[in-house]
file my_file39.txt (compact mmCIF, C-alpha atoms and all ligand atoms)
# COMPACT_ATOMS: atom_id res chain seq x y z
CA MET A 1 0.00 0.00 0.00
CA LEU A 2 2.78 2.42 0.89
CA SER A 3 4.64 1.89 -2.35
CA LEU A 4 1.45 2.47 -4.36
CA LEU A 5 0.71 5.56 -2.27
CA LYS A 6 4.25 6.86 -2.83
CA HIS A 7 3.94 6.27 -6.57
CA MET A 8 0.64 8.16 -6.75
CA VAL A 9 1.86 11.10 -4.65
CA GLU A 10 4.87 11.34 -6.97
CA ILE A 11 2.59 11.68 -10.00
CA GLU A 12 1.64 15.26 -9.19
CA SER A 13 -1.91 16.13 -10.29
CA PRO A 14 -2.99 19.72 -9.64
CA SER A 15 -6.58 20.43 -10.75
CA ASP A 16 -5.53 23.09 -13.27
CA ASP A 17 -2.90 21.01 -15.11
CA LYS A 18 -4.78 18.73 -17.50
CA ALA A 19 -1.70 16.91 -18.79
CA ALA A 20 -0.59 16.10 -15.24
CA VAL A 21 -4.03 14.97 -14.05
CA ASP A 22 -4.43 12.82 -17.16
CA ARG A 23 -1.09 11.09 -16.39
CA MET A 24 -2.53 10.17 -13.02
CA GLY A 25 -5.74 8.95 -14.68
CA ALA A 26 -3.80 6.78 -17.12
CA PHE A 27 -1.91 5.17 -14.26
CA LEU A 28 -5.13 4.50 -12.32
CA ALA A 29 -6.79 3.00 -15.40
CA GLN A 30 -3.98 0.44 -15.59
CA VAL A 31 -4.35 -0.43 -11.92
CA PHE A 32 -8.13 -0.87 -12.14
CA GLU A 33 -7.91 -2.89 -15.35
CA ARG A 34 -5.38 -5.23 -13.77
CA LEU A 35 -7.92 -5.75 -10.99
CA GLY A 36 -10.53 -6.79 -13.54
CA GLY A 37 -12.37 -3.47 -13.76
CA LYS A 38 -13.98 -2.08 -16.90
CA VAL A 39 -12.57 1.43 -17.25
CA THR A 40 -14.37 4.35 -18.90
CA PHE A 41 -12.95 7.85 -19.29
CA TYR A 42 -15.11 10.97 -19.52
CA PRO A 43 -12.97 13.25 -21.74
CA GLN A 44 -12.80 16.94 -20.80
CA GLN A 45 -11.45 20.01 -22.58
CA GLN A 46 -9.80 21.85 -19.68
CA ALA A 47 -10.12 19.58 -16.68
CA GLY A 48 -8.55 16.14 -16.54
CA ASN A 49 -10.60 13.23 -17.86
CA HIS A 50 -12.85 11.72 -15.19
CA LEU A 51 -12.50 8.00 -14.64
CA LYS A 52 -14.99 5.25 -13.90
CA ALA A 53 -14.10 1.61 -13.19
CA GLU A 54 -16.82 -1.03 -12.92
CA PHE A 55 -16.40 -4.34 -11.13
CA ALA A 56 -18.80 -7.28 -11.23
CA GLY A 57 -19.96 -8.79 -7.94
CA GLY A 58 -17.69 -11.23 -6.13
CA ALA A 59 -17.22 -14.63 -7.80
CA SER A 60 -18.83 -16.86 -5.22
CA GLY A 61 -21.72 -14.42 -4.89
CA ARG A 62 -23.02 -14.80 -8.45
CA ALA A 63 -25.89 -16.91 -7.22
CA SER A 64 -26.92 -14.41 -4.58
CA GLY A 65 -29.13 -11.43 -5.37
CA ARG A 66 -26.62 -8.93 -4.14
CA ALA A 67 -24.01 -9.85 -6.74
CA SER A 68 -26.40 -8.75 -9.47
CA GLY A 69 -28.02 -5.82 -7.63
CA LYS A 70 -27.23 -2.15 -8.00
CA PRO A 71 -23.55 -1.32 -7.46
CA ALA A 72 -22.01 0.30 -4.44
CA LEU A 73 -20.24 3.48 -5.52
CA LEU A 74 -16.74 4.28 -4.27
CA LEU A 75 -16.34 8.00 -4.83
CA GLY A 76 -13.32 10.29 -4.84
CA HIS A 77 -11.09 12.60 -6.85
CA PHE A 78 -7.49 12.46 -8.00
CA ASP A 79 -6.79 16.14 -8.46
CA THR A 80 -4.95 17.95 -5.66
CA VAL A 81 -4.58 21.57 -4.57
CA TRP A 82 -0.80 21.40 -4.96
CA GLN A 83 0.97 23.11 -7.87
CA MET A 84 3.40 21.19 -10.07
CA GLY A 85 6.83 21.14 -8.49
CA THR A 86 5.56 21.05 -4.89
CA LEU A 87 7.03 17.57 -4.61
CA ALA A 88 10.56 19.01 -4.72
CA LYS A 89 9.92 20.90 -1.46
CA MET A 90 7.49 18.39 0.06
CA PRO A 91 8.73 14.96 -1.05
CA PHE A 92 6.89 11.78 -0.10
CA ARG A 93 8.40 10.59 3.15
CA ILE A 94 7.53 8.43 6.13
CA GLN A 95 8.39 9.81 9.52
CA ASP A 96 7.15 8.92 13.01
CA GLY A 97 4.47 6.61 11.66
CA ARG A 98 3.10 9.17 9.22
CA ALA A 99 3.33 9.43 5.45
CA PHE A 100 3.78 12.98 4.14
CA GLY A 101 3.45 14.49 0.68
CA PRO A 102 1.23 16.65 -1.54
CA GLY A 103 -2.23 15.10 -1.84
CA VAL A 104 -1.38 12.17 0.42
CA TYR A 105 -4.34 12.79 2.75
CA ASP A 106 -6.67 14.51 0.26
CA MET A 107 -7.01 12.00 -1.18
CA LYS A 108 -4.45 9.64 -2.68
CA ALA A 109 -4.48 7.51 0.47
CA GLY A 110 -8.24 7.12 -0.01
CA ILE A 111 -7.70 5.89 -3.58
CA THR A 112 -5.02 3.48 -2.35
CA MET A 113 -7.55 2.14 0.16
CA MET A 114 -10.18 1.61 -2.58
CA ILE A 115 -7.70 -0.36 -4.66
CA PHE A 116 -6.55 -2.56 -1.78
CA ALA A 117 -10.07 -3.20 -0.50
CA LEU A 118 -11.04 -4.42 -4.00
CA ARG A 119 -7.85 -6.51 -4.17
CA ALA A 120 -8.59 -8.10 -0.81
CA LEU A 121 -12.17 -9.00 -1.78
CA LYS A 122 -10.96 -10.46 -5.06
CA ALA A 123 -8.21 -12.47 -3.39
CA ALA A 124 -10.69 -13.87 -0.86
CA SER A 125 -13.34 -14.59 -3.55
CA VAL A 126 -15.87 -12.86 -1.35
CA ALA A 127 -19.47 -12.37 -2.44
CA HIS A 128 -20.45 -8.74 -2.81
CA ARG A 129 -22.66 -6.55 -4.93
CA PRO A 130 -21.09 -4.94 -8.03
CA VAL A 131 -18.78 -2.01 -7.30
CA THR A 132 -18.36 1.16 -9.34
CA VAL A 133 -15.38 3.42 -8.68
CA LEU A 134 -15.78 7.03 -9.80
CA LEU A 135 -12.87 9.46 -9.55
CA ASP A 136 -13.21 12.99 -10.86
CA THR A 137 -10.55 15.57 -11.59
CA ASP A 138 -11.89 18.98 -10.59
CA GLU A 139 -13.25 18.39 -7.09
CA GLU A 140 -10.78 20.82 -5.56
CA VAL A 141 -12.00 23.60 -7.85
CA GLY A 142 -15.75 23.04 -7.42
CA SER A 143 -16.46 19.90 -9.51
CA THR A 144 -17.84 21.98 -12.37
CA THR A 145 -17.34 19.20 -14.92
CA GLY A 146 -17.25 16.34 -12.41
CA ARG A 147 -20.68 17.01 -10.95
CA PRO A 148 -22.84 15.73 -13.84
CA VAL A 149 -20.72 12.57 -14.11
CA VAL A 150 -20.89 11.99 -10.36
CA GLU A 151 -24.66 12.51 -10.31
CA ALA A 152 -25.38 10.32 -13.34
CA THR A 153 -23.22 7.51 -11.94
CA ALA A 154 -24.63 7.74 -8.41
CA LYS A 155 -28.21 7.49 -9.70
CA GLU A 156 -27.41 3.93 -10.83
CA CYS A 157 -26.02 2.96 -7.42
CA GLU A 158 -27.39 1.60 -4.14
CA ALA A 159 -25.14 3.58 -1.81
CA VAL A 160 -22.15 5.89 -1.98
CA LEU A 161 -18.95 5.44 0.02
CA VAL A 162 -16.76 8.54 -0.16
CA LEU A 163 -13.05 8.01 0.47
CA GLU A 164 -12.33 11.61 1.38
CA PRO A 165 -10.23 12.09 4.54
CA SER A 166 -11.83 11.22 7.85
CA GLN A 167 -12.43 13.91 10.47
CA GLY A 168 -10.04 14.78 13.28
CA PRO A 169 -7.33 12.75 15.01
CA LYS A 170 -9.75 9.92 15.82
CA GLY A 171 -10.83 9.53 12.22
CA HIS A 172 -14.56 10.14 12.59
CA LEU A 173 -16.69 9.39 9.56
CA LYS A 174 -18.62 12.30 8.09
CA THR A 175 -22.40 11.93 8.14
CA SER A 176 -23.22 15.53 7.32
CA ARG A 177 -21.50 18.27 5.41
CA LYS A 178 -22.47 21.86 4.92
CA GLY A 179 -23.57 23.15 1.56
CA VAL A 180 -21.13 25.57 -0.02
CA GLY A 181 -21.42 28.60 -2.23
CA ASP A 182 -19.77 31.83 -3.17
CA ILE A 183 -21.13 35.15 -4.26
CA THR A 184 -19.20 38.01 -5.80
CA ILE A 185 -20.59 41.45 -5.09
CA ARG A 186 -19.39 44.16 -7.43
CA VAL A 187 -20.07 47.85 -6.78
CA CYS A 188 -19.81 50.62 -9.36
CA GLY A 189 -19.56 54.21 -8.16
CA ARG A 190 -18.13 57.28 -9.83
CA ALA A 191 -14.46 58.27 -9.95
CA SER A 192 -13.32 61.80 -9.23
CA HIS A 193 -10.35 63.70 -7.80
CA SER A 194 -10.53 63.47 -4.03
CA GLY A 195 -9.25 67.03 -3.66
CA VAL A 196 -10.65 68.96 -6.60
CA ASP A 197 -14.02 67.26 -7.14
CA PHE A 198 -14.78 65.41 -3.95
CA GLU A 199 -18.53 66.04 -4.10
CA LYS A 200 -18.83 64.62 -7.60
CA GLY A 201 -17.39 61.25 -6.61
CA ARG A 202 -19.37 58.22 -5.47
CA SER A 203 -17.10 55.84 -3.61
CA ALA A 204 -17.60 52.22 -4.56
CA ILE A 205 -15.39 51.27 -1.59
CA VAL A 206 -17.59 53.02 0.95
CA GLU A 207 -20.71 51.51 -0.63
CA LEU A 208 -19.16 48.04 -0.60
CA ALA A 209 -18.15 48.45 3.04
CA ARG A 210 -21.74 49.28 3.96
CA GLN A 211 -23.05 46.32 1.94
CA LEU A 212 -20.64 43.96 3.69
CA LEU A 213 -21.91 45.07 7.10
CA GLU A 214 -25.39 44.03 5.91
CA ILE A 215 -24.19 40.75 4.41
CA VAL A 216 -22.44 39.53 7.56
CA LYS A 217 -25.78 39.82 9.39
CA PHE A 218 -26.97 36.86 7.28
CA THR A 219 -24.78 34.58 9.41
CA ASP A 220 -26.92 32.49 11.75
CA LEU A 221 -24.74 30.10 13.71
CA SER A 222 -27.74 28.42 15.36
CA ARG A 223 -28.99 27.35 11.89
CA GLY A 224 -25.52 26.53 10.61
CA ILE A 225 -25.45 29.47 8.19
CA THR A 226 -22.17 31.35 7.79
CA VAL A 227 -21.25 34.18 5.45
CA ASN A 228 -17.60 35.17 5.07
CA PRO A 229 -16.32 38.02 2.92
CA GLY A 230 -12.94 36.41 2.25
CA VAL A 231 -11.54 38.62 -0.51
CA ILE A 232 -12.01 42.34 -1.03
CA GLN A 233 -10.55 44.63 -3.66
CA GLY A 234 -11.22 48.07 -5.11
CA GLY A 235 -10.01 51.49 -6.03
CA THR A 236 -6.92 52.67 -7.86
CA ARG A 237 -5.15 55.41 -5.85
CA SER A 238 -5.73 57.02 -2.49
CA ASN A 239 -6.41 60.40 -4.13
CA VAL A 240 -9.08 59.01 -6.43
CA ILE A 241 -12.61 58.30 -5.27
CA ALA A 242 -13.01 54.64 -6.12
CA ALA A 243 -15.19 53.86 -9.12
CA GLU A 244 -15.11 50.11 -8.52
CA ALA A 245 -14.87 47.66 -5.65
CA TRP A 246 -15.78 44.02 -5.23
CA ALA A 247 -15.72 41.24 -2.67
CA GLU A 248 -15.88 37.44 -2.80
CA VAL A 249 -18.11 35.99 -0.13
CA ASP A 250 -18.07 32.34 1.01
CA LEU A 251 -21.45 30.87 2.02
CA ARG A 252 -22.13 27.74 4.10
CA ILE A 253 -25.52 26.23 4.90
CA ALA A 254 -26.48 23.18 6.95
CA ARG A 255 -29.98 22.79 5.49
CA ALA A 256 -30.93 22.57 1.82
CA ALA A 257 -33.96 24.77 2.45
CA ASP A 258 -31.71 27.66 3.44
CA ALA A 259 -30.11 27.92 -0.03
CA SER A 260 -32.88 29.88 -1.70
CA LEU A 261 -33.58 31.82 1.49
CA LEU A 262 -30.00 33.03 1.65
CA GLU A 263 -29.82 33.76 -2.08
CA GLN A 264 -33.01 35.82 -1.79
CA LYS A 265 -31.45 37.91 0.97
CA PHE A 266 -28.52 38.70 -1.29
CA ALA A 267 -30.80 39.47 -4.22
CA ALA A 268 -32.71 41.96 -2.06
CA LEU A 269 -29.64 44.10 -1.33
CA LYS A 270 -30.12 47.71 -2.46
CA PRO A 271 -27.44 50.38 -2.85
CA PHE A 272 -27.30 52.81 0.11
CA ASP A 273 -26.15 55.47 -2.32
CA PRO A 274 -28.61 55.63 -5.24
CA ASP A 275 -25.78 56.75 -7.52
CA CYS A 276 -23.95 53.44 -6.97
CA THR A 277 -24.94 50.14 -8.52
CA ILE A 278 -24.40 46.66 -7.14
CA GLU A 279 -24.17 43.51 -9.15
CA LEU A 280 -24.17 39.98 -7.76
CA SER A 281 -22.98 36.74 -9.29
CA GLY A 282 -22.71 33.19 -7.97
CA GLY A 283 -24.72 31.31 -5.38
CA ILE A 284 -24.83 27.97 -3.59
CA ASN A 285 -22.94 25.42 -5.73
CA ARG A 286 -22.88 22.40 -3.40
CA PRO A 287 -26.08 21.46 -1.59
CA PRO A 288 -25.58 20.32 2.01
CA MET A 289 -25.17 16.63 2.75
CA GLU A 290 -27.83 16.27 5.41
CA ARG A 291 -27.76 13.49 7.99
CA THR A 292 -30.44 11.43 6.28
CA GLU A 293 -31.91 8.13 7.43
CA GLY A 294 -29.99 6.31 4.69
CA THR A 295 -26.70 7.84 5.81
CA VAL A 296 -27.40 6.96 9.44
CA ARG A 297 -28.13 3.37 8.41
CA LEU A 298 -24.84 3.19 6.48
CA PHE A 299 -22.96 4.57 9.45
CA GLY A 300 -24.59 1.92 11.68
CA ILE A 301 -23.33 -0.83 9.37
CA ALA A 302 -19.83 0.68 9.39
CA ARG A 303 -19.83 0.96 13.17
CA ASP A 304 -20.92 -2.67 13.61
CA ILE A 305 -18.07 -3.84 11.37
CA ALA A 306 -15.61 -1.59 13.20
CA THR A 307 -16.82 -2.86 16.57
CA ALA A 308 -16.28 -6.45 15.43
CA MET A 309 -12.74 -5.39 14.48
CA GLY A 310 -12.19 -3.86 17.93
CA MET A 311 -12.00 -0.42 16.42
CA PRO A 312 -13.94 2.53 17.89
CA LEU A 313 -15.77 4.53 15.23
CA GLU A 314 -17.69 7.77 15.58
CA GLU A 315 -19.44 10.22 13.27
CA SER A 316 -19.03 13.96 12.80
CA ALA A 317 -20.42 16.92 10.91
CA THR A 318 -18.13 19.15 8.88
CA GLY A 319 -18.37 22.55 7.28
CA GLY A 320 -16.38 21.41 4.24
CA GLY A 321 -18.03 20.08 1.10
CA SER A 322 -17.21 17.12 -1.15
CA ASP A 323 -18.77 15.31 -4.11
CA GLY A 324 -20.74 13.39 -1.47
CA ASN A 325 -22.90 16.52 -1.14
CA PHE A 326 -24.21 15.94 -4.67
CA THR A 327 -25.01 12.25 -4.25
CA SER A 328 -26.66 12.80 -0.87
CA ALA A 329 -28.80 15.62 -2.27
CA LEU A 330 -30.09 13.12 -4.86
CA GLY A 331 -31.38 11.00 -1.98
CA ILE A 332 -28.78 8.25 -2.31
CA PRO A 333 -27.46 7.04 1.06
CA THR A 334 -23.95 8.51 1.32
CA LEU A 335 -21.25 7.91 3.91
CA ASP A 336 -18.22 10.19 3.76
CA GLY A 337 -14.83 10.45 5.45
CA LEU A 338 -14.05 6.76 4.93
CA GLY A 339 -10.53 7.66 3.77
CA ALA A 340 -7.33 8.12 5.69
CA VAL A 341 -6.81 9.29 9.23
CA GLY A 342 -4.43 12.22 9.21
CA GLU A 343 -4.16 15.98 9.20
CA GLY A 344 -3.21 19.02 7.18
CA ALA A 345 -5.40 18.76 4.07
CA HIS A 346 -4.32 21.64 1.77
CA ALA A 347 -1.51 22.50 4.24
CA ALA A 348 2.24 21.95 4.41
CA ASN A 349 1.90 19.33 7.18
CA GLU A 350 -0.45 17.15 5.07
CA SER A 351 0.04 13.59 6.29
CA VAL A 352 -1.69 10.29 7.05
CA VAL A 353 -1.27 7.87 9.94
CA VAL A 354 0.28 4.78 8.34
CA GLU A 355 -1.04 2.21 10.84
CA GLU A 356 -4.64 3.35 10.31
CA LEU A 357 -4.47 2.78 6.54
CA PHE A 358 -4.67 -0.98 6.99
CA SER A 359 -7.57 -1.18 9.44
CA ARG A 360 -9.54 1.43 7.52
CA THR A 361 -9.06 -0.53 4.31
CA ALA A 362 -10.35 -3.63 6.08
CA LEU A 363 -13.35 -1.61 7.25
CA LEU A 364 -14.01 -0.51 3.66
CA ALA A 365 -13.74 -4.08 2.38
CA GLY A 366 -16.15 -5.17 5.12
CA LEU A 367 -18.61 -2.45 4.12
CA ILE A 368 -18.53 -3.44 0.45
CA GLN A 369 -19.07 -7.06 1.46
CA THR A 370 -21.99 -6.22 3.75
CA LEU A 371 -23.92 -3.71 1.65
ZN ZN A 401 -10.80 15.92 -1.22
call {"tool": "encode", "arguments": {"input": "my_file39.txt", "output": "structure tokens", "more": "lines below"}}
Ligand SMILES: [Zn+2]
result
Amino acid sequence: MLSLLKHMVEIESPSDDKAAVDRMGAFLAQVFERLGGKVTFYPQQQAGNHLKAEFAGGASGRASGRASGKPALLLGHFDTVWQMGTLAKMPFRIQDGRAFGPGVYDMKAGITMMIFALRALKAASVAHRPVTVLLDTDEEVGSTTGRPVVEATAKECEAVLVLEPSQGPKGHLKTSRKGVGDITIRVCGRASHSGVDFEKGRSAIVELARQLLEIVKFTDLSRGITVNPGVIQGGTRSNVIAAEAWAEVDLRIARAADASLLEQKFAALKPFDPDCTIELSGGINRPPMERTEGTVRLFGIARDIATAMGMPLEESATGGGSDGNFTSALGIPTLDGLGAVGEGAHAANESVVVEELFSRTALLAGLIQTL
């Protein structure tokens, strides 16, 4: 497992480098084909090609209904947030029981676990329902092209197991995720000389500042709604009244019903200064993964298997989104955070706990066998 993980980390695959991501896809296709999977690529213009691998049910299970039922979907992505060349500064290494490297935790360890769980089931000739693996290539940049492929594939499946990193040092599974969105607010005012023609100017910066004070009131922690103006820009020089200013605002919601509510609040914003205009773009782009009955049932199955293995297993909610948000919103039971235990996703200390890789892979194999 570690040598496969090392190999995959060393094929760098940043979301915005199609050639690099496609190299990773080509390698994965070989691995899945060797395991007996039927590989399909979904070619893309800008993003890397998404990859699907389909596996028939376990050999000795052909007679059972499960082996011919709807597949279980193993879901993930093989793009990373790390630019090409990061590997030189952050090489794959194992230290103090942890494996380090760009994308190791999010989520090349999760892909390694998928591959070894399938290998283990094949080696043991275990009966299980068919398995579909779907890995997309633009998850880290919003799954713009991955989303339709993920949704179409998930609709054919019984349940979705997402191999994204687990939560926290104890490796909790994720049974709910917030919905995610972003809105850009752009203000147009009127430029003028701040000394000569002050009265003629209409400051887009001042207008934007006032709008932002309204927008942050949309945060409602008790309902799990947060609004964060994360980027702000505007103006040209200190002696010019700013004609333009804009901000990028991150939105998070815990309940699907809050999406339109929140978007309506934004749409209702009016300029304080009638000589300024405001223009909004964007919205909620990932619905929340709510803690549905189907997800709770999946978690129960996982916990029973873990208990039998002598492994404590708990569930958590997270504010971060994944492709699991899309499948869950379609009503398909989705269990997330089944990937590695570790820390530092998108950060320089990104690493996974080596010892946990093996037990978590066994848990995944057990889940596939039981579903
Ligand atoms: Zn991820």
call {"tool": "closest_atom_pairs", "arguments": {"input": "my_file39.txt", "of": "chain A", "to": "ligand ZN 401 (chain A)", "cutoff": "9 Å", "atoms": "all atoms listed in the file", "output": "Markdown table"}}
result
| residue | atom | partner | partner_atom | distance |
| --- | --- | --- | --- | --- |
| A:Gly76 | CA | A:ZN401 | ZN | 7.2 |
| A:His77 | CA | A:ZN401 | ZN | 6.5 |
| A:Phe78 | CA | A:ZN401 | ZN | 8.3 |
| A:Asp79 | CA | A:ZN401 | ZN | 8.3 |
| A:Thr80 | CA | A:ZN401 | ZN | 7.6 |
| A:Gly103 | CA | A:ZN401 | ZN | 8.6 |
| A:Tyr105 | CA | A:ZN401 | ZN | 8.2 |
| A:Asp106 | CA | A:ZN401 | ZN | 4.6 |
| A:Met107 | CA | A:ZN401 | ZN | 5.5 |
| A:Glu139 | CA | A:ZN401 | ZN | 6.8 |
| A:Glu140 | CA | A:ZN401 | ZN | 6.5 |
| A:Leu163 | CA | A:ZN401 | ZN | 8.4 |
| A:Glu164 | CA | A:ZN401 | ZN | 5.3 |
| A:Pro165 | CA | A:ZN401 | ZN | 6.9 |
| A:Gly321 | CA | A:ZN401 | ZN | 8.7 |
| A:Ser322 | CA | A:ZN401 | ZN | 6.5 |
| A:Asp323 | CA | A:ZN401 | ZN | 8.5 |
| A:Ala345 | CA | A:ZN401 | ZN | 8.1 |
call {"tool": "atom_distance", "arguments": {"input": "my_file39.txt", "atom1": "CA of Glu158 in chain A", "atom2": "CA of Leu371 in chain A"}}
result
8.6 Å
call {"tool": "atom_distance", "arguments": {"input": "my_file39.txt", "atom1": "CA of Ala245 in chain A", "atom2": "CA of Ser15 in chain A"}}
result
28.9 Å
call {"tool": "atom_distance", "arguments": {"input": "my_file39.txt", "atom1": "CA of Val104 in chain A", "atom2": "CA of Phe92 in chain A"}}
result
8.3 Å
call {"tool": "closest_residue", "arguments": {"input": "my_file39.txt", "among": "A:Val216, A:Val296, A:Leu338, A:Val249", "to": "Ser176 in chain A", "atoms": "all atoms listed in the file"}}
result
A:Val296
call {"tool": "axis_aligned_box", "arguments": {"input": "my_file39.txt", "around": "range 229-242 of chain A", "padding_each_side": "6 Å", "output": "JSON"}}
result
{"center_x": -10.7, "center_y": 48.4, "center_z": -2.5, "size_x": 23.2, "size_y": 36.0, "size_z": 22.8}
call {"tool": "residues_around", "arguments": {"input": "my_file39.txt", "residues": "Met114 in chain A", "least_positions_apart": "4", "cutoff": "9 Å", "atoms": "all atoms listed in the file", "output": "PyMOL selection string"}}
result
chain A and resi 74+109-110+118-119+133+163+339+361+364-365
call {"tool": "closest_residue", "arguments": {"input": "my_file39.txt", "among": "A:Ala20, A:Leu367, A:Ala329, A:Ala306", "to": "Pro287 in chain A", "atoms": "all atoms listed in the file"}}
result
A:Ala329
call {"tool": "residues_around", "arguments": {"input": "my_file39.txt", "residues": "Met84 in chain A", "least_positions_apart": "4", "cutoff": "8 Å", "atoms": "all atoms listed in the file", "output": "VMD selection string"}}
result
chain A and resid 12 to 14
call {"tool": "residues_around", "arguments": {"input": "my_file39.txt", "residues": "Thr292 in chain A", "least_positions_apart": "4", "cutoff": "9 Å", "atoms": "all atoms listed in the file", "output": "PDB file with C-alpha atoms, in the frame of the given file"}}
result
ATOM      1  CA  THR A 175     -22.400  11.930   8.140  1.00  0.00           C
ATOM      2  CA  SER A 176     -23.220  15.530   7.320  1.00  0.00           C
ATOM      3  CA  VAL A 296     -27.400   6.960   9.440  1.00  0.00           C
ATOM      4  CA  ARG A 297     -28.130   3.370   8.410  1.00  0.00           C
ATOM      5  CA  SER A 328     -26.660  12.800  -0.870  1.00  0.00           C
ATOM      6  CA  GLY A 331     -31.380  11.000  -1.980  1.00  0.00           C
ATOM      7  CA  PRO A 333     -27.460   7.040   1.060  1.00  0.00           C
ATOM      8  CA  THR A 334     -23.950   8.510   1.320  1.00  0.00           C
TER       9      THR A 334
END
call {"tool": "closest_atom_pairs", "arguments": {"input": "my_file39.txt", "of": "range 121-239 of chain A", "to": "range 277-286 of chain A", "cutoff": "7 Å", "atoms": "all atoms listed in the file", "output": "tab-separated table"}}
result
residue	atom	partner	partner_atom	distance
A:Gly179	CA	A:Arg286	CA	5.1
A:Val180	CA	A:Arg286	CA	5.0
A:Gly181	CA	A:Ile284	CA	3.7
A:Asp182	CA	A:Gly283	CA	5.4
A:Ile183	CA	A:Gly282	CA	4.5
A:Thr184	CA	A:Ser281	CA	5.3
A:Ile185	CA	A:Leu280	CA	4.7
A:Arg186	CA	A:Glu279	CA	5.1
A:Val187	CA	A:Ile278	CA	4.5
A:Cys188	CA	A:Thr277	CA	5.2
A:Gly189	CA	A:Thr277	CA	6.8
call {"tool": "write_last_selection", "arguments": {"input": "my_file39.txt", "atoms": "C-alpha atoms", "output": "JSON list (two decimals), keeping the file's coordinate frame"}}
result
[["chain", "number", "residue", "atom", "x", "y", "z"],
["A", 179, "GLY", "CA", -23.57, 23.15, 1.56],
["A", 180, "VAL", "CA", -21.13, 25.57, -0.02],
["A", 181, "GLY", "CA", -21.42, 28.60, -2.23],
["A", 182, "ASP", "CA", -19.77, 31.83, -3.17],
["A", 183, "ILE", "CA", -21.13, 35.15, -4.26],
["A", 184, "THR", "CA", -19.20, 38.01, -5.80],
["A", 185, "ILE", "CA", -20.59, 41.45, -5.09],
["A", 186, "ARG", "CA", -19.39, 44.16, -7.43],
["A", 187, "VAL", "CA", -20.07, 47.85, -6.78],
["A", 188, "CYS", "CA", -19.81, 50.62, -9.36],
["A", 189, "GLY", "CA", -19.56, 54.21, -8.16]]
call {"tool": "closest_residue", "arguments": {"input": "my_file39.txt", "among": "A:Ala308, A:Leu269, A:Val196, A:Met113", "to": "Glu214 in chain A", "atoms": "only C-alpha atoms"}}
result
A:Leu269
call {"tool": "residues_around", "arguments": {"input": "my_file39.txt", "residues": "Ala47 in chain A", "least_positions_apart": "6", "cutoff": "9 Å", "atoms": "all atoms listed in the file", "output": "list in words"}}
result
Ser15, Asp16, Asp17, Lys18, Val21, Asp22, Thr137, Asp138, Thr145 and Gly146 of chain A
call {"tool": "write_last_selection", "arguments": {"input": "my_file39.txt", "atoms": "C-alpha atoms", "output": "PDB file, keeping the file's coordinate frame"}}
result
ATOM      1  CA  SER A  15      -6.580  20.430 -10.750  1.00  0.00           C
ATOM      2  CA  ASP A  16      -5.530  23.090 -13.270  1.00  0.00           C
ATOM      3  CA  ASP A  17      -2.900  21.010 -15.110  1.00  0.00           C
ATOM      4  CA  LYS A  18      -4.780  18.730 -17.500  1.00  0.00           C
ATOM      5  CA  VAL A  21      -4.030  14.970 -14.050  1.00  0.00           C
ATOM      6  CA  ASP A  22      -4.430  12.820 -17.160  1.00  0.00           C
ATOM      7  CA  THR A 137     -10.550  15.570 -11.590  1.00  0.00           C
ATOM      8  CA  ASP A 138     -11.890  18.980 -10.590  1.00  0.00           C
ATOM      9  CA  THR A 145     -17.340  19.200 -14.920  1.00  0.00           C
ATOM     10  CA  GLY A 146     -17.250  16.340 -12.410  1.00  0.00           C
TER      11      GLY A 146
END
call {"tool": "closest_residue", "arguments": {"input": "my_file39.txt", "among": "A:Val160, A:Ala247, A:Leu4, A:Leu213", "to": "Thr112 in chain A", "atoms": "all atoms listed in the file"}}
result
A:Leu4
call {"tool": "closest_residue", "arguments": {"input": "my_file39.txt", "among": "A:Gln233, A:Asn239, A:Gln83, A:Asn325", "to": "Asp197 in chain A", "atoms": "all atoms listed in the file"}}
result
A:Asn239
call {"tool": "residues_around", "arguments": {"input": "my_file39.txt", "residues": "Ser351 in chain A", "least_positions_apart": "4", "cutoff": "6 Å", "atoms": "all atoms listed in the file", "output": "PDB file with C-alpha atoms, in the coordinates of the input"}}
result
ATOM      1  CA  ALA A  99       3.330   9.430   5.450  1.00  0.00           C
ATOM      2  CA  PHE A 100       3.780  12.980   4.140  1.00  0.00           C
ATOM      3  CA  TYR A 105      -4.340  12.790   2.750  1.00  0.00           C
ATOM      4  CA  GLY A 342      -4.430  12.220   9.210  1.00  0.00           C
ATOM      5  CA  GLU A 343      -4.160  15.980   9.200  1.00  0.00           C
TER       6      GLU A 343
END
call {"tool": "closest_residue", "arguments": {"input": "my_file39.txt", "among": "A:Leu35, A:Met311, A:Ala242, A:Ile368", "to": "Glu356 in chain A", "atoms": "all atoms listed in the file"}}
result
A:Met311
call {"tool": "decode", "arguments": {"input": "my_file39.txt", "residues": "range 340-344 of chain A", "atoms": "N, CA and C atoms", "output": "mmCIF file, in the first residue's frame"}}
result
data_model
loop_
_atom_site.group_PDB
_atom_site.id
_atom_site.type_symbol
_atom_site.label_atom_id
_atom_site.label_comp_id
_atom_site.auth_asym_id
_atom_site.auth_seq_id
_atom_site.Cartn_x
_atom_site.Cartn_y
_atom_site.Cartn_z
ATOM 1 N N ALA A 340 -8.417 8.221 4.722
ATOM 2 C CA ALA A 340 -7.330 8.116 5.688
ATOM 3 C C ALA A 340 -7.588 8.922 6.957
ATOM 4 N N VAL A 341 -6.892 8.502 8.007
ATOM 5 C CA VAL A 341 -6.809 9.294 9.231
ATOM 6 C C VAL A 341 -5.529 10.117 9.109
ATOM 7 N N GLY A 342 -5.617 11.399 9.370
ATOM 8 C CA GLY A 342 -4.430 12.218 9.208
ATOM 9 C C GLY A 342 -4.726 13.650 9.541
ATOM 10 N N GLU A 343 -3.936 14.548 8.956
ATOM 11 C CA GLU A 343 -4.159 15.977 9.197
ATOM 12 C C GLU A 343 -3.549 16.792 8.066
ATOM 13 N N GLY A 344 -3.885 18.064 8.061
ATOM 14 C CA GLY A 344 -3.214 19.018 7.182
ATOM 15 C C GLY A 344 -3.643 18.965 5.725
#
